[in-house]
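Structure, as structure tokens:
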Amino acid sequence: EKGGYDHFMLKEIYEQPRSIRDCMRGRIYPAEGKVQLGGIKEFAEKLKNIDRIIIVACGTSWHAGLVGEYLIEEYARIPVEVEYASEFRYRNPIITEKDVVIAISQSGETADTMAAIEMAKEKGATIFGVCNVVGASIPRITHAGVYTHAGPEIGVASTKAFTAQVTVLTLMAFYMAQQKGTIVNSKLVELLTELDCIPEKIHHALESNEQIKTIAEKFKDSRNCLFLGRGSGFPVALEGALKLKEISYIHAEGYPAAEMKHGPIALIDEEMPVVFIATKNSSYEKVISNIQEVKARKGVVIAIVTEGDTDVKKMADYCIEIPDASEAFLPLLATIPLQLLSYHIAVLRGCNVDQPRNLAKSVTVE
Ligand code: F6R
């Protein structure tokens with residue numbers, strides 16, 4: 001049932017070219033520059049006039065929400081707030097009928113996310129679900145939704161469900177932009193054509209597996225690890241840190257790279273691995289100066305870089321390449337090596353990667 005892989009987690013990491021393809025099937029029409037989302041079609045008109053979007057979720061799904069925030073604001077120009085469901089539900093938040101709440105949940109059973117939905121529903125908001133498990137509780141209490149179609153995820157640490165959530169949110173951002181007219185059709189043709197090739201690029205990113213395993217050996221005994229990124233590389237850093245801590249029990253933190261000098265920099269010494277999302281995009285130069293700051297303090301740098309990069313390579317101790325892509329699709333690609341890195345570190349430490357201690361696949365109590 002593990003399809004020849006040692007663990008479900010590894011199998012699910014390798015399934016991503018296919019799960020992302022499944023997630024996009026019948027929803028994108030690159031040649032026409034068109035996105036179709038049957039699940040929320042009846043709200044197409046409403047989407048033209050909404051004031052804001054509130055994304056609620058927990059854990060990894062919340063990280064996907066942060067990526068969604070960047071994309072929706074960039075392309076559809078709708079203000080987005082991303083909330084931990086557990087905080088949102090107890091805060092007496094301001095919600096109106098003109099708000100759309102997007103609840104993201106792999107299992108569709110998370111107690112806090114369900115409670116947040118019920119509360120927002122009572123206040124008149126329109127609720128969309130982004131779930132993986134078909135027919136779970138959340139899809140039944142939302143007004144509409146878009147399934148991620150990643151297939152069953154057995155490993156407790158979310159991998160393919162996360163990238164499918166990010167894919168759905170990307171599609172939603174493009175769909176809303178199309179409805180609102182905040183994107184020209186030629187741009188959408190360009191973006192969708194590129195998105196259509198992302199599964200192939202993920203396949204390519206997976207080819208670094210052996211190299212990542214070698215890097216994992218160097219860091220398997222680390223006690224701490226910092227993950228830094230900027231822009232949409234920031235949620236990727238958070239997700240990288242969560243993956244590492246939950247399956248390897250190494251203390252890890254994700255931060256926006258620029259926040260480093262406001263505190264975490266104090267932790268950096270020769271014992272401290274720092275993982276940078278340092279791909280070629282709008283924040284590349286800034287990330288490079290952050291890398292220099294870490295190197296000046298003798299930190300060990302592992303960088304996720306764009307194929308063919310030369311600048312970061314001069315500074316970083318280890319570089320893992322991913323295929324070049326537009327900024328919009330970077331989170332999908334940059335996540336892959338981080339999943340593999342935490343997987344190999346956890347295996348080398350003898351951890352139960354598919355069922356980490358104290359964790360459950362769906363958290364049905366608050
Ligand atoms: C991390 C992980 C958890 C879940 C969280 C929300 O790998 O799996 O952080 O993301 O418990 O679960 P869902 O998405 O089912 O609501």
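By convention here, the chains of the structure tokens are called A, B, ... in the order presented, each chain's residues are numbered starting at 1, and ligands are numbered starting at 1 in the order presented.
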Quick one: residues within 9 Å of ligand 1, with only C-alpha atoms and all ligand atoms, as a PyMOL selection string? chain A and resi 57-63+103-114+131-133+155-159+161-162+239+242-243+246-247+359-363
Can you tell me, as a list in words, what residues are no more than 8 Å from Glu253 in chain A when counting only C-alpha atoms, ignoring any on the same chain fewer than 5 positions away?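 Once the adjacent positions are removed, what remains is Cys225, Leu226, Phe227, Leu238, Ala241 and Leu242 of chain A.
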May I have the selected residues written with C-alpha atoms, as a PDB file, in the first residue's frame?
```pdb
ATOM      1  CA  CYS A 225      16.969  25.169  12.971  1.00  0.00           C
ATOM      2  CA  LEU A 226      15.806  28.482  11.553  1.00  0.00           C
ATOM      3  CA  PHE A 227      13.822  28.858   8.303  1.00  0.00           C
ATOM      4  CA  LEU A 238       6.891  28.504   8.290  1.00  0.00           C
ATOM      5  CA  ALA A 241       9.875  24.660  10.129  1.00  0.00           C
ATOM      6  CA  LEU A 242       6.603  22.971  11.086  1.00  0.00           C
TER       7      LEU A 242
END
```
Which residue out of A:Glu259, A:Glu321, A:Glu200, A:Glu307 has the minimum interatomic distance to Ile212 in chain A when only C-alpha atoms are used?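 Among the listed residues, A:Glu321 lies closest to Ile212 in chain A.
Distances here use only C-alpha atoms; by that measure, the residue among A:Pro331, A:Ile215, A:Pro235, A:Ala76 closest to Ile345 in chain A is A:Ile215.
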For Gly229 in chain A, which residue among A:Ala258, A:Leu332, A:Val100, A:Ile40 is the nearest when counting only C-alpha atoms?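 Closest to Gly229 in chain A of all the choices is A:Ala258.
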With only C-alpha atoms as the atoms that count, which of A:Ala205, A:Leu10, A:Ile250, A:Leu47 lies nearest to Thr126 in chain A?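 Looking only at the distances to Thr126 in chain A, the closest residue turns out to be A:Leu47.
On the backbone of this structure, DSSP gives strand (DSSP E) within range 147-290 of chain A to Asn224, Cys225, Leu226, Phe227, Leu228, Gly229, His251, Ala252, Glu253, Gly254, Tyr255, Pro256, Pro273, Val274, Val275, Phe276 and Ile277 of chain A.
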Using only C-alpha atoms, which protein or nucleic acid residues come within 12 Å of Gly145 in chain A? Drop anything in the same chain fewer than 5 positions from it, and give the result as a ChimeraX atom specification. /A:37-43,100-105,108,126-132,134-135,138-140,165,168-169,172
Residue with smallest distance to Gly233 in chain A - pool A:Gln36, A:Thr310, A:Val184, A:Tyr70, counting only C-alpha atoms: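 Among A:Gln36, A:Thr310, A:Val184, A:Tyr70, it is A:Tyr70 that comes nearest to Gly233 in chain A.
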If we count only C-alpha atoms and set the cut-off at 8 Å, which residues sit around Val312 in chain A, ignoring sequence neighbours fewer than 4 positions away in its own chain? Please answer as a PDB file with N, CA, C and O atoms, in the first residue's frame.
```pdb
ATOM      1  N   ALA A 278      15.773  31.271  -1.128  1.00  0.00           N
ATOM      2  CA  ALA A 278      16.566  32.309  -1.797  1.00  0.00           C
ATOM      3  C   ALA A 278      16.449  32.208  -3.315  1.00  0.00           C
ATOM      4  O   ALA A 278      17.437  32.319  -4.049  1.00  0.00           O
ATOM      5  N   ILE A 288      19.681  37.899  -0.152  1.00  0.00           N
ATOM      6  CA  ILE A 288      21.139  37.767  -0.211  1.00  0.00           C
ATOM      7  C   ILE A 288      21.800  38.533   0.943  1.00  0.00           C
ATOM      8  O   ILE A 288      22.699  38.014   1.612  1.00  0.00           O
ATOM      9  N   ALA A 303      20.510  26.828   1.340  1.00  0.00           N
ATOM     10  CA  ALA A 303      19.640  27.714   0.565  1.00  0.00           C
ATOM     11  C   ALA A 303      18.882  26.960  -0.520  1.00  0.00           C
ATOM     12  O   ALA A 303      19.442  26.108  -1.205  1.00  0.00           O
ATOM     13  N   VAL A 305      17.548  27.491  -3.963  1.00  0.00           N
ATOM     14  CA  VAL A 305      17.854  28.485  -5.001  1.00  0.00           C
ATOM     15  C   VAL A 305      17.267  28.086  -6.348  1.00  0.00           C
ATOM     16  O   VAL A 305      16.917  26.926  -6.583  1.00  0.00           O
ATOM     17  N   ALA A 316      26.398  30.440   0.396  1.00  0.00           N
ATOM     18  CA  ALA A 316      25.727  29.405   1.180  1.00  0.00           C
ATOM     19  C   ALA A 316      26.609  28.171   1.323  1.00  0.00           C
ATOM     20  O   ALA A 316      27.464  27.901   0.471  1.00  0.00           O
ATOM     21  N   CYS A 319      23.446  24.362  -1.323  1.00  0.00           N
ATOM     22  CA  CYS A 319      22.373  24.914  -2.149  1.00  0.00           C
ATOM     23  C   CYS A 319      21.558  23.781  -2.762  1.00  0.00           C
ATOM     24  O   CYS A 319      22.120  22.810  -3.273  1.00  0.00           O
TER      25      CYS A 319
END
```
Name the residues in contact with Gly240 in chain A at a cut-off of 10 Å, using only C-alpha atoms, excluding same-chain residues fewer than 2 positions from it; report them as number ranges by chain. A: 60, 226-228, 234-238, 242-245, 252-254, 275, 277, 334-342
Let's have the selection written as a JSON list (two decimals), in the first residue's frame, with N, CA, C and O atoms.
```json
[["chain", "number", "residue", "atom", "x", "y", "z"],
["A", 60, "THR", "N", -0.74, 23.50, 9.09],
["A", 60, "THR", "CA", -0.28, 23.59, 7.71],
["A", 60, "THR", "C", -1.30, 24.28, 6.82],
["A", 60, "THR", "O", -0.94, 25.04, 5.92],
["A", 226, "LEU", "N", 16.58, 27.29, 11.89],
["A", 226, "LEU", "CA", 15.81, 28.48, 11.55],
["A", 226, "LEU", "C", 15.47, 28.43, 10.06],
["A", 226, "LEU", "O", 16.31, 28.05, 9.25],
["A", 227, "PHE", "N", 14.25, 28.81, 9.71],
["A", 227, "PHE", "CA", 13.82, 28.86, 8.30],
["A", 227, "PHE", "C", 13.43, 30.29, 7.99],
["A", 227, "PHE", "O", 12.59, 30.86, 8.68],
["A", 228, "LEU", "N", 14.03, 30.86, 6.95],
["A", 228, "LEU", "CA", 13.76, 32.25, 6.63],
["A", 228, "LEU", "C", 13.37, 32.44, 5.17],
["A", 228, "LEU", "O", 13.96, 31.84, 4.27],
["A", 234, "PHE", "N", 7.93, 33.43, 2.84],
["A", 234, "PHE", "CA", 7.76, 33.41, 4.29],
["A", 234, "PHE", "C", 6.83, 32.26, 4.74],
["A", 234, "PHE", "O", 7.23, 31.45, 5.58],
["A", 235, "PRO", "N", 5.62, 32.12, 4.17],
["A", 235, "PRO", "CA", 4.82, 30.95, 4.55],
["A", 235, "PRO", "C", 5.52, 29.62, 4.24],
["A", 235, "PRO", "O", 5.33, 28.64, 4.97],
["A", 236, "VAL", "N", 6.33, 29.61, 3.20],
["A", 236, "VAL", "CA", 7.08, 28.39, 2.88],
["A", 236, "VAL", "C", 8.07, 28.08, 4.01],
["A", 236, "VAL", "O", 8.24, 26.93, 4.42],
["A", 237, "ALA", "N", 8.68, 29.13, 4.54],
["A", 237, "ALA", "CA", 9.61, 28.97, 5.67],
["A", 237, "ALA", "C", 8.86, 28.44, 6.90],
["A", 237, "ALA", "O", 9.34, 27.53, 7.59],
["A", 238, "LEU", "N", 7.69, 28.98, 7.15],
["A", 238, "LEU", "CA", 6.89, 28.50, 8.29],
["A", 238, "LEU", "C", 6.55, 27.03, 8.12],
["A", 238, "LEU", "O", 6.63, 26.24, 9.07],
["A", 242, "LEU", "N", 7.62, 23.84, 10.47],
["A", 242, "LEU", "CA", 6.60, 22.97, 11.09],
["A", 242, "LEU", "C", 6.87, 21.51, 10.72],
["A", 242, "LEU", "O", 6.81, 20.63, 11.59],
["A", 243, "LYS", "N", 7.18, 21.26, 9.44],
["A", 243, "LYS", "CA", 7.45, 19.88, 9.02],
["A", 243, "LYS", "C", 8.61, 19.31, 9.82],
["A", 243, "LYS", "O", 8.55, 18.19, 10.31],
["A", 244, "LEU", "N", 9.69, 20.09, 9.94],
["A", 244, "LEU", "CA", 10.86, 19.58, 10.64],
["A", 244, "LEU", "C", 10.53, 19.30, 12.10],
["A", 244, "LEU", "O", 10.85, 18.24, 12.64],
["A", 245, "LYS", "N", 9.87, 20.24, 12.78],
["A", 245, "LYS", "CA", 9.64, 20.02, 14.21],
["A", 245, "LYS", "C", 8.68, 18.88, 14.45],
["A", 245, "LYS", "O", 8.86, 18.08, 15.35],
["A", 252, "ALA", "N", 12.42, 24.04, 15.59],
["A", 252, "ALA", "CA", 12.58, 24.83, 14.37],
["A", 252, "ALA", "C", 11.62, 26.00, 14.38],
["A", 252, "ALA", "O", 10.51, 25.90, 14.87],
["A", 253, "GLU", "N", 12.09, 27.11, 13.81],
["A", 253, "GLU", "CA", 11.22, 28.28, 13.73],
["A", 253, "GLU", "C", 11.29, 28.87, 12.34],
["A", 253, "GLU", "O", 12.36, 28.91, 11.72],
["A", 254, "GLY", "N", 10.16, 29.33, 11.86],
["A", 254, "GLY", "CA", 10.11, 30.04, 10.58],
["A", 254, "GLY", "C", 9.89, 31.51, 10.86],
["A", 254, "GLY", "O", 9.13, 31.86, 11.76],
["A", 275, "VAL", "N", 17.94, 27.78, 7.12],
["A", 275, "VAL", "CA", 17.46, 27.42, 5.78],
["A", 275, "VAL", "C", 16.83, 28.66, 5.16],
["A", 275, "VAL", "O", 15.91, 29.25, 5.73],
["A", 277, "ILE", "N", 14.91, 30.52, 1.86],
["A", 277, "ILE", "CA", 14.24, 30.44, 0.56],
["A", 277, "ILE", "C", 14.85, 31.60, -0.23],
["A", 277, "ILE", "O", 14.53, 32.77, 0.01],
["A", 334, "ALA", "N", 9.19, 25.51, -3.96],
["A", 334, "ALA", "CA", 10.15, 25.63, -2.86],
["A", 334, "ALA", "C", 9.80, 24.73, -1.68],
["A", 334, "ALA", "O", 10.67, 24.38, -0.87],
["A", 335, "THR", "N", 8.54, 24.36, -1.57],
["A", 335, "THR", "CA", 8.11, 23.48, -0.48],
["A", 335, "THR", "C", 8.70, 22.07, -0.62],
["A", 335, "THR", "O", 8.98, 21.41, 0.38],
["A", 336, "ILE", "N", 8.87, 21.62, -1.85],
["A", 336, "ILE", "CA", 9.28, 20.23, -2.10],
["A", 336, "ILE", "C", 10.59, 19.85, -1.41],
["A", 336, "ILE", "O", 10.64, 18.88, -0.66],
["A", 337, "PRO", "N", 11.69, 20.62, -1.64],
["A", 337, "PRO", "CA", 12.94, 20.23, -0.96],
["A", 337, "PRO", "C", 12.83, 20.27, 0.56],
["A", 337, "PRO", "O", 13.50, 19.50, 1.25],
["A", 338, "LEU", "N", 11.99, 21.17, 1.10],
["A", 338, "LEU", "CA", 11.87, 21.25, 2.55],
["A", 338, "LEU", "C", 11.15, 20.02, 3.11],
["A", 338, "LEU", "O", 11.48, 19.53, 4.18],
["A", 339, "GLN", "N", 10.18, 19.52, 2.36],
["A", 339, "GLN", "CA", 9.50, 18.28, 2.77],
["A", 339, "GLN", "C", 10.52, 17.14, 2.81],
["A", 339, "GLN", "O", 10.58, 16.36, 3.77],
["A", 340, "LEU", "N", 11.34, 17.05, 1.75],
["A", 340, "LEU", "CA", 12.33, 15.97, 1.68],
["A", 340, "LEU", "C", 13.38, 16.10, 2.76],
["A", 340, "LEU", "O", 13.80, 15.11, 3.37],
["A", 341, "LEU", "N", 13.79, 17.34, 3.04],
["A", 341, "LEU", "CA", 14.81, 17.56, 4.06],
["A", 341, "LEU", "C", 14.30, 17.08, 5.42],
["A", 341, "LEU", "O", 14.99, 16.35, 6.13],
["A", 342, "SER", "N", 13.09, 17.47, 5.79],
["A", 342, "SER", "CA", 12.60, 17.04, 7.11],
["A", 342, "SER", "C", 12.36, 15.54, 7.13],
["A", 342, "SER", "O", 12.63, 14.88, 8.13]]
```
